[in-house]
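Next comes target.cif, a file with mmCIF, C-alpha atoms and all ligand atoms.
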```cif
data_query
#
loop_
_atom_site.label_atom_id
_atom_site.label_comp_id
_atom_site.auth_asym_id
_atom_site.auth_seq_id
_atom_site.Cartn_x
_atom_site.Cartn_y
_atom_site.Cartn_z
CA MET A 1 4.22 -24.55 -32.76
CA LYS A 2 7.13 -23.66 -30.48
CA ILE A 3 7.73 -19.92 -30.49
CA CYS A 4 11.49 -20.45 -30.59
CA GLU A 5 11.24 -22.35 -33.90
CA ASP A 6 9.67 -19.30 -35.57
CA ARG A 7 12.81 -17.15 -35.61
CA GLU A 8 12.14 -15.28 -38.83
CA ALA A 9 8.67 -14.25 -37.66
CA LEU A 10 10.11 -13.02 -34.34
CA HIS A 11 12.50 -10.70 -36.17
CA VAL A 12 9.66 -9.32 -38.31
CA MET A 13 7.44 -8.78 -35.23
CA VAL A 14 10.21 -6.83 -33.50
CA GLN A 15 10.77 -4.67 -36.58
CA GLU A 16 7.05 -3.88 -36.74
CA ALA A 17 6.50 -3.32 -33.02
CA VAL A 18 9.41 -0.88 -32.71
CA GLN A 19 7.40 1.56 -34.86
CA MET A 20 5.26 2.19 -31.75
CA ALA A 21 8.28 3.71 -30.01
CA SER A 22 7.84 7.04 -31.79
CA LYS A 23 4.61 7.57 -29.83
CA GLY A 24 6.36 7.17 -26.45
CA LYS A 25 8.85 8.92 -24.22
CA VAL A 26 11.88 7.65 -22.30
CA ALA A 27 11.52 8.03 -18.50
CA ASP A 28 13.36 11.11 -17.28
CA TYR A 29 12.30 11.42 -13.62
CA ILE A 30 15.32 9.21 -12.92
CA PRO A 31 17.89 11.40 -14.71
CA ALA A 32 20.26 8.54 -15.61
CA LEU A 33 17.55 6.80 -17.64
CA SER A 34 16.84 9.78 -19.87
CA ASP A 35 19.69 9.29 -22.38
CA LYS A 36 18.45 5.91 -23.65
CA ASP A 37 17.60 5.54 -27.35
CA PRO A 38 13.78 5.31 -27.58
CA HIS A 39 13.96 3.26 -30.78
CA THR A 40 15.66 0.31 -29.15
CA LEU A 41 13.70 -2.95 -28.89
CA SER A 42 14.95 -6.35 -27.84
CA LEU A 43 13.15 -9.64 -27.35
CA ALA A 44 14.23 -12.94 -25.79
CA VAL A 45 12.08 -16.06 -25.58
CA PHE A 46 13.08 -19.05 -23.48
CA GLU A 47 11.16 -22.31 -23.65
CA GLY A 48 13.51 -24.35 -21.49
CA ASP A 49 14.42 -27.14 -23.90
CA GLY A 50 16.77 -25.27 -26.20
CA PRO A 51 18.69 -22.04 -26.42
CA CYS A 52 17.07 -18.73 -25.65
CA VAL A 53 15.98 -17.17 -28.96
CA THR A 54 16.53 -13.43 -29.36
CA ALA A 55 15.63 -10.67 -31.83
CA GLY A 56 16.28 -6.94 -32.14
CA ASP A 57 18.86 -5.00 -30.10
CA THR A 58 19.80 -8.00 -28.00
CA ALA A 59 23.14 -6.67 -26.75
CA GLU A 60 21.38 -3.87 -24.85
CA MET A 61 21.69 -3.92 -21.06
CA PHE A 62 19.01 -2.21 -18.99
CA THR A 63 17.96 -1.86 -15.37
CA LEU A 64 15.12 -3.92 -13.90
CA GLN A 65 13.34 -1.01 -12.18
CA SER A 66 9.88 -2.27 -11.17
CA VAL A 67 10.47 -5.73 -12.61
CA SER A 68 12.69 -6.17 -9.53
CA LYS A 69 9.56 -5.96 -7.37
CA VAL A 70 8.57 -9.48 -8.45
CA ILE A 71 11.97 -10.86 -7.48
CA SER A 72 12.16 -9.07 -4.12
CA LEU A 73 8.64 -10.32 -3.37
CA ALA A 74 9.73 -13.93 -3.98
CA LEU A 75 12.65 -13.50 -1.58
CA ALA A 76 10.57 -11.73 1.07
CA LEU A 77 7.95 -14.50 0.88
CA MET A 78 10.62 -17.16 1.33
CA ASP A 79 12.12 -15.19 4.25
CA ASN A 80 8.90 -14.29 6.07
CA GLY A 81 6.14 -16.59 4.81
CA GLU A 82 2.84 -15.43 3.34
CA ALA A 83 1.39 -14.38 6.70
CA GLY A 84 4.42 -12.20 7.47
CA VAL A 85 4.38 -10.40 4.13
CA PHE A 86 0.62 -9.96 3.75
CA ASP A 87 0.33 -8.63 7.27
CA LYS A 88 2.13 -5.53 5.94
CA VAL A 89 1.09 -5.42 2.25
CA GLY A 90 -2.27 -6.12 0.61
CA MET A 91 -3.27 -8.14 -2.45
CA GLU A 92 -5.55 -5.74 -4.34
CA PRO A 93 -4.94 -3.67 -7.47
CA THR A 94 -5.13 0.10 -6.99
CA GLY A 95 -6.03 1.58 -10.38
CA ASP A 96 -3.67 4.42 -9.43
CA PRO A 97 -0.23 5.32 -10.82
CA PHE A 98 2.69 3.27 -9.46
CA ASN A 99 4.02 6.05 -7.24
CA SER A 100 0.69 7.30 -5.87
CA ILE A 101 0.35 8.03 -2.17
CA ILE A 102 -3.40 8.63 -2.13
CA LYS A 103 -4.70 5.18 -1.08
CA LEU A 104 -2.29 5.05 1.85
CA GLU A 105 -4.16 7.94 3.40
CA THR A 106 -7.69 7.04 2.40
CA HIS A 107 -7.54 3.33 3.35
CA SER A 108 -7.60 1.99 6.85
CA PRO A 109 -5.41 0.30 8.02
CA SER A 110 -2.78 2.34 6.26
CA LYS A 111 -0.94 -0.47 4.49
CA PRO A 112 0.01 -0.49 0.79
CA LEU A 113 -2.62 -2.21 -1.33
CA ASN A 114 -0.19 -4.48 -3.21
CA PRO A 115 3.55 -5.26 -3.61
CA MET A 116 3.80 -3.90 -7.18
CA ILE A 117 3.17 -0.23 -6.39
CA ASN A 118 6.15 1.67 -5.00
CA ALA A 119 4.75 1.86 -1.45
CA GLY A 120 4.19 -1.90 -1.37
CA ALA A 121 7.57 -2.63 -2.93
CA LEU A 122 9.35 -0.49 -0.32
CA ALA A 123 7.63 -2.48 2.43
CA VAL A 124 8.54 -5.78 0.72
CA THR A 125 12.19 -4.79 0.25
CA SER A 126 12.35 -3.92 3.96
CA MET A 127 11.38 -7.56 4.68
CA ILE A 128 14.39 -9.12 2.89
CA SER A 129 16.47 -10.78 5.61
CA GLY A 130 20.02 -9.58 6.30
CA HIS A 131 22.03 -7.46 8.69
CA SER A 132 23.08 -4.73 6.26
CA VAL A 133 22.20 -3.20 2.89
CA ASP A 134 25.13 -5.11 1.37
CA GLU A 135 24.01 -8.44 2.78
CA LYS A 136 20.41 -7.98 1.63
CA LEU A 137 21.46 -6.82 -1.84
CA GLY A 138 23.93 -9.71 -2.01
CA ARG A 139 21.12 -12.18 -1.31
CA LEU A 140 18.96 -10.61 -4.02
CA LEU A 141 21.83 -10.77 -6.54
CA SER A 142 22.65 -14.40 -5.62
CA PHE A 143 19.02 -15.31 -6.20
CA ILE A 144 19.18 -13.67 -9.65
CA HIS A 145 22.54 -15.36 -10.41
CA ASP A 146 20.97 -18.71 -9.57
CA MET A 147 17.93 -18.10 -11.78
CA THR A 148 19.85 -16.79 -14.80
CA GLY A 149 23.06 -18.79 -14.50
CA ASP A 150 24.92 -15.49 -14.90
CA ALA A 151 27.02 -14.61 -11.85
CA SER A 152 28.25 -11.37 -13.44
CA ILE A 153 24.89 -9.60 -12.99
CA SER A 154 25.19 -6.58 -10.71
CA TYR A 155 23.61 -3.17 -10.30
CA ASN A 156 24.34 -0.02 -12.31
CA GLU A 157 25.90 2.44 -9.85
CA LYS A 158 25.12 5.52 -11.93
CA VAL A 159 21.42 4.67 -12.21
CA ALA A 160 21.17 3.70 -8.53
CA LEU A 161 22.76 6.96 -7.38
CA SER A 162 20.74 9.03 -9.82
CA GLU A 163 17.52 7.57 -8.41
CA TYR A 164 18.69 7.77 -4.78
CA ASP A 165 19.50 11.48 -5.22
CA THR A 166 16.08 12.27 -6.68
CA ALA A 167 13.77 9.77 -4.90
CA ASP A 168 11.95 12.24 -2.70
CA LEU A 169 8.53 10.82 -3.51
CA ASN A 170 9.68 7.30 -2.55
CA ARG A 171 11.27 8.80 0.59
CA SER A 172 7.90 10.34 1.48
CA LEU A 173 6.17 6.98 0.97
CA ALA A 174 8.76 5.25 3.18
CA TYR A 175 8.45 7.82 5.99
CA PHE A 176 4.67 7.54 5.82
CA LEU A 177 4.91 3.74 6.12
CA LYS A 178 7.35 4.03 9.01
CA GLN A 179 4.98 6.36 10.87
CA HIS A 180 2.26 3.72 10.42
CA HIS A 181 4.53 0.83 11.54
CA VAL A 182 4.42 -0.91 8.16
CA LEU A 183 8.21 -0.77 8.22
CA ASN A 184 10.82 -0.11 10.90
CA ASP A 185 14.01 0.35 8.86
CA ASN A 186 16.19 3.40 8.70
CA VAL A 187 14.61 5.09 5.66
CA GLU A 188 17.89 6.12 4.03
CA ASP A 189 19.22 2.54 4.26
CA LEU A 190 15.97 1.26 2.77
CA LEU A 191 16.16 3.81 -0.07
CA GLU A 192 19.75 2.76 -0.76
CA LEU A 193 18.73 -0.90 -0.97
CA TYR A 194 15.59 -0.19 -3.01
CA THR A 195 17.36 2.02 -5.57
CA LYS A 196 20.18 -0.52 -5.97
CA GLN A 197 17.58 -3.28 -6.37
CA CYS A 198 15.83 -1.26 -9.10
CA ALA A 199 19.20 -0.59 -10.80
CA ILE A 200 20.13 -4.28 -11.19
CA GLU A 201 21.25 -4.53 -14.79
CA VAL A 202 20.37 -7.40 -17.14
CA ASP A 203 19.76 -8.19 -20.81
CA ALA A 204 16.57 -9.58 -22.36
CA THR A 205 17.92 -13.15 -22.17
CA SER A 206 18.31 -13.03 -18.38
CA LEU A 207 14.83 -11.61 -18.04
CA ALA A 208 13.41 -14.45 -20.17
CA LYS A 209 15.18 -17.02 -17.98
CA ILE A 210 13.73 -15.56 -14.76
CA GLY A 211 10.31 -15.40 -16.43
CA TYR A 212 10.63 -19.06 -17.39
CA ILE A 213 11.20 -20.13 -13.77
CA ILE A 214 8.19 -18.12 -12.58
CA ALA A 215 6.15 -19.62 -15.45
CA ASN A 216 7.19 -23.18 -14.65
CA GLU A 217 6.32 -23.69 -11.00
CA GLY A 218 9.48 -22.07 -9.68
CA ARG A 219 11.74 -24.80 -11.01
CA HIS A 220 15.20 -24.28 -12.39
CA THR A 221 15.56 -24.74 -16.10
CA GLU A 222 18.17 -27.46 -16.52
CA SER A 223 17.84 -29.51 -13.36
CA SER A 224 14.18 -28.95 -12.44
CA ARG A 225 15.54 -28.02 -9.01
CA PRO A 226 13.06 -25.75 -7.21
CA VAL A 227 14.35 -22.17 -6.94
CA MET A 228 11.20 -21.05 -5.15
CA PRO A 229 8.19 -23.01 -3.89
CA LEU A 230 5.30 -23.59 -6.31
CA HIS A 231 2.87 -21.49 -4.27
CA ILE A 232 5.23 -18.49 -4.44
CA ALA A 233 5.59 -18.80 -8.23
CA ARG A 234 1.78 -18.79 -8.35
CA ILE A 235 1.52 -15.68 -6.17
CA LEU A 236 4.02 -13.85 -8.42
CA LYS A 237 2.10 -14.71 -11.60
CA THR A 238 -1.17 -13.66 -10.00
CA PHE A 239 0.21 -10.25 -9.03
CA MET A 240 1.69 -9.92 -12.52
CA VAL A 241 -1.82 -10.39 -13.97
CA THR A 242 -3.68 -8.13 -11.52
CA CYS A 243 -1.08 -5.37 -10.94
CA GLY A 244 1.93 -6.03 -13.21
CA MET A 245 1.20 -3.28 -15.72
CA TYR A 246 -0.08 -0.86 -13.06
CA ASN A 247 -3.24 1.01 -13.98
CA ALA A 248 -3.11 -0.57 -17.44
CA SER A 249 -3.34 -4.13 -16.08
CA GLY A 250 -7.01 -4.63 -17.02
CA GLU A 251 -6.60 -3.53 -20.62
CA PHE A 252 -3.40 -5.57 -20.90
CA ALA A 253 -5.19 -8.67 -19.57
CA ILE A 254 -7.86 -8.29 -22.25
CA LYS A 255 -5.54 -7.51 -25.15
CA VAL A 256 -2.61 -9.79 -24.24
CA GLY A 257 -3.64 -12.09 -21.38
CA ILE A 258 -0.12 -13.03 -20.24
CA PRO A 259 1.22 -12.49 -16.69
CA ALA A 260 3.79 -9.69 -17.11
CA LYS A 261 5.65 -7.04 -15.12
CA SER A 262 6.91 -3.75 -16.50
CA GLY A 263 9.52 -1.24 -15.33
CA VAL A 264 10.15 2.40 -16.23
CA SER A 265 13.44 1.43 -17.89
CA GLY A 266 11.24 -0.12 -20.59
CA ALA A 267 11.73 -3.68 -19.34
CA ILE A 268 8.90 -6.22 -19.41
CA MET A 269 9.19 -9.74 -18.04
CA ALA A 270 6.42 -12.15 -19.04
CA ALA A 271 5.70 -15.67 -17.77
CA ILE A 272 3.34 -17.92 -19.72
CA PRO A 273 2.13 -20.57 -17.25
CA HIS A 274 3.80 -23.92 -18.13
CA GLY A 275 5.28 -22.23 -21.19
CA ALA A 276 7.85 -19.65 -22.19
CA GLY A 277 9.59 -16.91 -20.25
CA ILE A 278 9.83 -13.68 -22.26
CA GLY A 279 12.19 -10.73 -21.76
CA ILE A 280 11.63 -7.43 -23.56
CA TYR A 281 13.36 -4.06 -23.50
CA GLY A 282 11.94 -0.99 -25.23
CA PRO A 283 12.54 2.29 -23.37
CA ALA A 284 9.87 4.48 -24.99
CA LEU A 285 7.00 4.49 -22.49
CA ASP A 286 3.35 5.45 -22.50
CA GLU A 287 1.99 7.86 -19.91
CA ARG A 288 1.43 5.02 -17.43
CA GLY A 289 5.08 3.93 -17.48
CA ASN A 290 4.82 0.83 -19.69
CA SER A 291 6.96 0.13 -22.79
CA LEU A 292 4.83 0.95 -25.83
CA ALA A 293 6.70 -1.22 -28.32
CA GLY A 294 7.07 -3.92 -25.66
CA MET A 295 3.33 -4.10 -25.06
CA LYS A 296 2.66 -4.16 -28.82
CA LEU A 297 5.14 -6.99 -29.23
CA LEU A 298 3.46 -9.04 -26.49
CA GLU A 299 0.05 -8.39 -28.05
CA VAL A 300 1.23 -9.66 -31.43
CA LEU A 301 2.99 -12.69 -29.88
CA SER A 302 -0.13 -13.53 -27.89
CA GLN A 303 -2.32 -13.41 -30.99
CA ARG A 304 0.03 -15.36 -33.24
CA TYR A 305 0.73 -18.20 -30.78
CA GLY A 306 -2.55 -18.17 -28.81
CA LEU A 307 -0.85 -17.32 -25.53
CA SER A 308 -3.66 -15.70 -23.55
CA ILE A 309 -4.33 -17.59 -20.32
CA PHE A 310 -7.98 -16.56 -20.35
O1 LIG H 1 10.68 3.58 -7.69
C1 LIG H 1 10.68 3.98 -8.84
O2 LIG H 1 10.04 4.97 -9.18
C2 LIG H 1 11.48 3.22 -9.87
N1 LIG H 1 12.71 2.72 -9.33
C3 LIG H 1 10.70 2.06 -10.40
C4 LIG H 1 9.34 2.45 -10.92
C5 LIG H 1 8.89 1.64 -12.06
O3 LIG H 1 9.63 0.96 -12.73
C6 LIG H 1 7.46 1.75 -12.40
N2 LIG H 1 7.19 1.01 -13.60
N3 LIG H 1 6.54 1.11 -14.52
#
```

Let's see the structure in the file written out as structure tokens.
Amino acid sequence: MKICEDREALHVMVQEAVQMASKGKVADYIPALSDKDPHTLSLAVFEGDGPCVTAGDTAEMFTLQSVSKVISLALALMDNGEAGVFDKVGMEPTGDPFNSIIKLETHSPSKPLNPMINAGALAVTSMISGHSVDEKLGRLLSFIHDMTGDASISYNEKVALSEYDTADLNRSLAYFLKQHHVLNDNVEDLLELYTKQCAIEVDATSLAKIGYIIANEGRHTESSRPVMPLHIARILKTFMVTCGMYNASGEFAIKVGIPAKSGVSGAIMAAIPHGAGIGIYGPALDERGNSLAGMKLLEVLSQRYGLSIF
């Protein structure tokens, strides 16, 4: 059965999954995220051959945060090729929190282990081609406009500035990487670009549409036009499985089995290979930075429709 034909069940699943929110906490280390209502939950499912089906608080806009790391990786891979990117960033999960610095020091050579942790994402963002922060951000936004069909998508200035003003841990990671020649950028420019990238604001529907393209060989929904090469869509899905939910990726693979990427805003983008793209927003997080209600919702969806890839 097509998920999108099961509208009533989707509404019920959202109502049930949102109960998990009371066990979580909205991220507050980025001050501008802290005033979000923890009991919000929205779901969008896009299967390509009909409208995107939504349930819950679907009007809610939210920032991509770490979900943006998948999109910046696609662009950096198109700009630099696999050899260029993986010369600077590894392909292995860390088992550490997303903002950890420890493996940078204990591993030799000192390159980030993967593009989904903050250190790796900073290195990837520094590889986006362009002559200025504005040009690089503009390219990232155009890529998102193309994938979603929504040219009004931009970044939330308040969230970007709030993170930029408080991003001392990310600054430390960037200076460390610069010392070790993983990146050469001016660190403040890189932090400006990275925080604006993380603050790109979408709704669940846009997230589902991006997920659908990654799920379906990098091809655009209506025209089948390639938005990214097949091998890049595969790389993204693979990182989503191995590192997408940070140090909860193993448990998530067992319980849910769908390539997915979370962000501390409470966003989750999921891509079922040759199937649906799913966008979720539920800002109450567990201690590892993943949306509690969002993960529950994906678990229930996976069970009901047999979505595990394993
Ligand atoms: O760099 C940061 O800390 C945030 N902009 C993004 C982190 C994040 O979303 C981790 N996700 N679970």

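For ligand LIG 1 (chain H), the neighbouring polymer residues at 6 Å or closer are Gln65, Ser66, Phe98, Asn118, Cys198, Ser262, Gly263, Val264, Gly289 and Asn290 of chain A, all atoms listed in the file being used.
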
Go ahead and save the picked residues with C-alpha atoms, as an mmCIF file, keeping the file's coordinate frame.
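Saved the output as again.cif:
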```
data_model
loop_
_atom_site.group_PDB
_atom_site.id
_atom_site.type_symbol
_atom_site.label_atom_id
_atom_site.label_comp_id
_atom_site.auth_asym_id
_atom_site.auth_seq_id
_atom_site.Cartn_x
_atom_site.Cartn_y
_atom_site.Cartn_z
ATOM 1 C CA GLN A 65 13.340 -1.010 -12.180
ATOM 2 C CA SER A 66 9.880 -2.270 -11.170
ATOM 3 C CA PHE A 98 2.690 3.270 -9.460
ATOM 4 C CA ASN A 118 6.150 1.670 -5.000
ATOM 5 C CA CYS A 198 15.830 -1.260 -9.100
ATOM 6 C CA SER A 262 6.910 -3.750 -16.500
ATOM 7 C CA GLY A 263 9.520 -1.240 -15.330
ATOM 8 C CA VAL A 264 10.150 2.400 -16.230
ATOM 9 C CA GLY A 289 5.080 3.930 -17.480
ATOM 10 C CA ASN A 290 4.820 0.830 -19.690
#
```

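Shortest atom-to-atom contact with Asp134 (chain A) among A:Gln197, A:Ser249, A:Asn184, A:Asn216: A:Gln197, counting only C-alpha atoms.
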
Next on the checklist: At a cut-off of 10 Å, using only C-alpha atoms, what residues contact Asp96 (chain A)? Leave out same-chain residues fewer than 2 positions from it and give the result as a list of chain:residue names.
Outcome noted: A:Pro93, A:Thr94, A:Phe98, A:Asn99, A:Ser100, A:Ile101, A:Ile102, A:Lys103, A:Ile117, A:Tyr246, A:Asn247, A:Ala248, A:Arg288

Item to check | Shell of 12 Å around Ile213 (chain A), only C-alpha atoms, local chain residues under 6 positions omitted, as a PyMOL selection string | outcome: chain A and resi 46-48+71+74+143-144+146-149+206-207+219-230+232-234+236-237+269-278

Kindly assemble as JSON lines a list of the region 211-292 of chain A residues that lie within 9 Å of region 30-38 of chain A, each paired with its nearest atom pair and their distance in Å to one decimal, using all atoms listed in the file, sorted first by chain and then by ascending residue number.
```
{"residue": "A:Val264", "atom": "CA", "partner": "A:Leu33", "partner_atom": "CA", "distance": 8.7}
{"residue": "A:Ser265", "atom": "CA", "partner": "A:Leu33", "partner_atom": "CA", "distance": 6.8}
{"residue": "A:Gly282", "atom": "CA", "partner": "A:Pro38", "partner_atom": "CA", "distance": 7.0}
{"residue": "A:Pro283", "atom": "CA", "partner": "A:Pro38", "partner_atom": "CA", "distance": 5.3}
{"residue": "A:Ala284", "atom": "CA", "partner": "A:Pro38", "partner_atom": "CA", "distance": 4.8}
{"residue": "A:Leu285", "atom": "CA", "partner": "A:Pro38", "partner_atom": "CA", "distance": 8.5}
```

Checklist entry - Do you know which residues lie at most 12 Å from (15.2, 2.6, 0.7), with coordinates as in the file and only C-alpha atoms counted, and could you write them as an MDAnalysis selection string? => result chainID A and resid 118:119 121:128 133 136:137 160:161 163:165 167:175 177:178 183:198

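Here CA of Thr58 (chain A) is placed at a distance of 14.0 Å from CA of Ile268 (chain A).
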
Checklist entry - Residues at most 9 Å from Arg7 (chain A), counting only C-alpha atoms, excluding those fewer than 6 positions away in the same chain, as a PyMOL selection string? => result chain A and resi 53-55

So that all listed atoms of region 255-260 of chain A fit with 3 Å spare on each side, what axis-aligned box centre and edge lengths in Å, to one decimal, would you give as AutoDock Vina command-line options?
```
--center_x -0.9 --center_y -10.3 --center_z -20.9 --size_x 15.3 --size_y 11.5 --size_z 14.5
```

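Note that the spacing between CA of Gly130 (chain A) and CA of Gly218 (chain A) amounts to 22.9 Å.
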
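Reported to one decimal place, the separation of CA of Ile214 (chain A) from CA of Pro51 (chain A) is 17.8 Å.
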
Contact residues around Val256 (chain A) with all atoms listed in the file at 12 Å, ignoring same-chain residues under 6 positions, as a JSON list (two decimals) with C-alpha atoms, keeping the file's coordinate frame:
```
[["chain", "number", "residue", "atom", "x", "y", "z"],
["A", 241, "VAL", "CA", -1.82, -10.39, -13.97],
["A", 245, "MET", "CA", 1.20, -3.28, -15.72],
["A", 248, "ALA", "CA", -3.11, -0.57, -17.44],
["A", 249, "SER", "CA", -3.34, -4.13, -16.08],
["A", 250, "GLY", "CA", -7.01, -4.63, -17.02],
["A", 270, "ALA", "CA", 6.42, -12.15, -19.04],
["A", 272, "ILE", "CA", 3.34, -17.92, -19.72],
["A", 294, "GLY", "CA", 7.07, -3.92, -25.66],
["A", 295, "MET", "CA", 3.33, -4.10, -25.06],
["A", 296, "LYS", "CA", 2.66, -4.16, -28.82],
["A", 297, "LEU", "CA", 5.14, -6.99, -29.23],
["A", 298, "LEU", "CA", 3.46, -9.04, -26.49],
["A", 299, "GLU", "CA", 0.05, -8.39, -28.05],
["A", 300, "VAL", "CA", 1.23, -9.66, -31.43],
["A", 301, "LEU", "CA", 2.99, -12.69, -29.88],
["A", 302, "SER", "CA", -0.13, -13.53, -27.89],
["A", 303, "GLN", "CA", -2.32, -13.41, -30.99],
["A", 304, "ARG", "CA", 0.03, -15.36, -33.24],
["A", 305, "TYR", "CA", 0.73, -18.20, -30.78],
["A", 306, "GLY", "CA", -2.55, -18.17, -28.81],
["A", 307, "LEU", "CA", -0.85, -17.32, -25.53],
["A", 308, "SER", "CA", -3.66, -15.70, -23.55],
["A", 309, "ILE", "CA", -4.33, -17.59, -20.32],
["A", 310, "PHE", "CA", -7.98, -16.56, -20.35]]
```

Item to check | Shell of 12 Å around Thr40 (chain A), only C-alpha atoms, local chain residues under 5 positions omitted, as a PyMOL selection string | outcome: chain A and resi 14-15+17-22+24+26+35+55-62+265-267+280-285+291-294

Item to check | Using only C-alpha atoms: which of A:Lys209, A:His131, A:Lys255, A:Lys158 has the shortest distance to Cys52 (chain A) | outcome: A:Lys209

For region 129-142 of chain A, where the input has fewer atoms than it should, I would like N, CA and C atoms rebuilt and written as a PDB file, in the coordinates of the input.
```
ATOM      1  N   SER A 129      15.620 -10.526   4.428  1.00  0.00           N
ATOM      2  CA  SER A 129      16.470 -10.780   5.610  1.00  0.00           C
ATOM      3  C   SER A 129      17.923 -10.403   5.331  1.00  0.00           C
ATOM      4  N   GLY A 130      18.600  -9.943   6.392  1.00  0.00           N
ATOM      5  CA  GLY A 130      20.020  -9.580   6.300  1.00  0.00           C
ATOM      6  C   GLY A 130      20.343  -8.519   7.307  1.00  0.00           C
ATOM      7  N   HIS A 131      21.641  -8.412   7.645  1.00  0.00           N
ATOM      8  CA  HIS A 131      22.030  -7.460   8.690  1.00  0.00           C
ATOM      9  C   HIS A 131      22.428  -6.106   8.142  1.00  0.00           C
ATOM     10  N   SER A 132      22.629  -6.008   6.834  1.00  0.00           N
ATOM     11  CA  SER A 132      23.080  -4.730   6.260  1.00  0.00           C
ATOM     12  C   SER A 132      22.527  -4.610   4.842  1.00  0.00           C
ATOM     13  N   VAL A 133      22.614  -3.409   4.292  1.00  0.00           N
ATOM     14  CA  VAL A 133      22.200  -3.200   2.890  1.00  0.00           C
ATOM     15  C   VAL A 133      22.977  -4.149   1.988  1.00  0.00           C
ATOM     16  N   ASP A 134      24.287  -4.261   2.224  1.00  0.00           N
ATOM     17  CA  ASP A 134      25.130  -5.110   1.370  1.00  0.00           C
ATOM     18  C   ASP A 134      24.700  -6.576   1.428  1.00  0.00           C
ATOM     19  N   GLU A 135      24.400  -7.033   2.643  1.00  0.00           N
ATOM     20  CA  GLU A 135      24.010  -8.440   2.780  1.00  0.00           C
ATOM     21  C   GLU A 135      22.676  -8.703   2.075  1.00  0.00           C
ATOM     22  N   LYS A 136      21.723  -7.793   2.258  1.00  0.00           N
ATOM     23  CA  LYS A 136      20.410  -7.980   1.630  1.00  0.00           C
ATOM     24  C   LYS A 136      20.521  -7.922   0.099  1.00  0.00           C
ATOM     25  N   LEU A 137      21.276  -6.942  -0.390  1.00  0.00           N
ATOM     26  CA  LEU A 137      21.460  -6.820  -1.840  1.00  0.00           C
ATOM     27  C   LEU A 137      22.194  -8.054  -2.370  1.00  0.00           C
ATOM     28  N   GLY A 138      23.176  -8.518  -1.622  1.00  0.00           N
ATOM     29  CA  GLY A 138      23.930  -9.710  -2.010  1.00  0.00           C
ATOM     30  C   GLY A 138      23.011 -10.917  -2.140  1.00  0.00           C
ATOM     31  N   ARG A 139      22.060 -11.052  -1.242  1.00  0.00           N
ATOM     32  CA  ARG A 139      21.120 -12.180  -1.310  1.00  0.00           C
ATOM     33  C   ARG A 139      20.225 -12.075  -2.548  1.00  0.00           C
ATOM     34  N   LEU A 140      19.796 -10.845  -2.835  1.00  0.00           N
ATOM     35  CA  LEU A 140      18.960 -10.610  -4.020  1.00  0.00           C
ATOM     36  C   LEU A 140      19.749 -10.952  -5.295  1.00  0.00           C
ATOM     37  N   LEU A 141      21.003 -10.498  -5.350  1.00  0.00           N
ATOM     38  CA  LEU A 141      21.830 -10.770  -6.540  1.00  0.00           C
ATOM     39  C   LEU A 141      22.112 -12.267  -6.673  1.00  0.00           C
ATOM     40  N   SER A 142      22.386 -12.949  -5.548  1.00  0.00           N
ATOM     41  CA  SER A 142      22.650 -14.400  -5.620  1.00  0.00           C
ATOM     42  C   SER A 142      21.439 -15.146  -6.158  1.00  0.00           C
TER      43      SER A 142
END
```
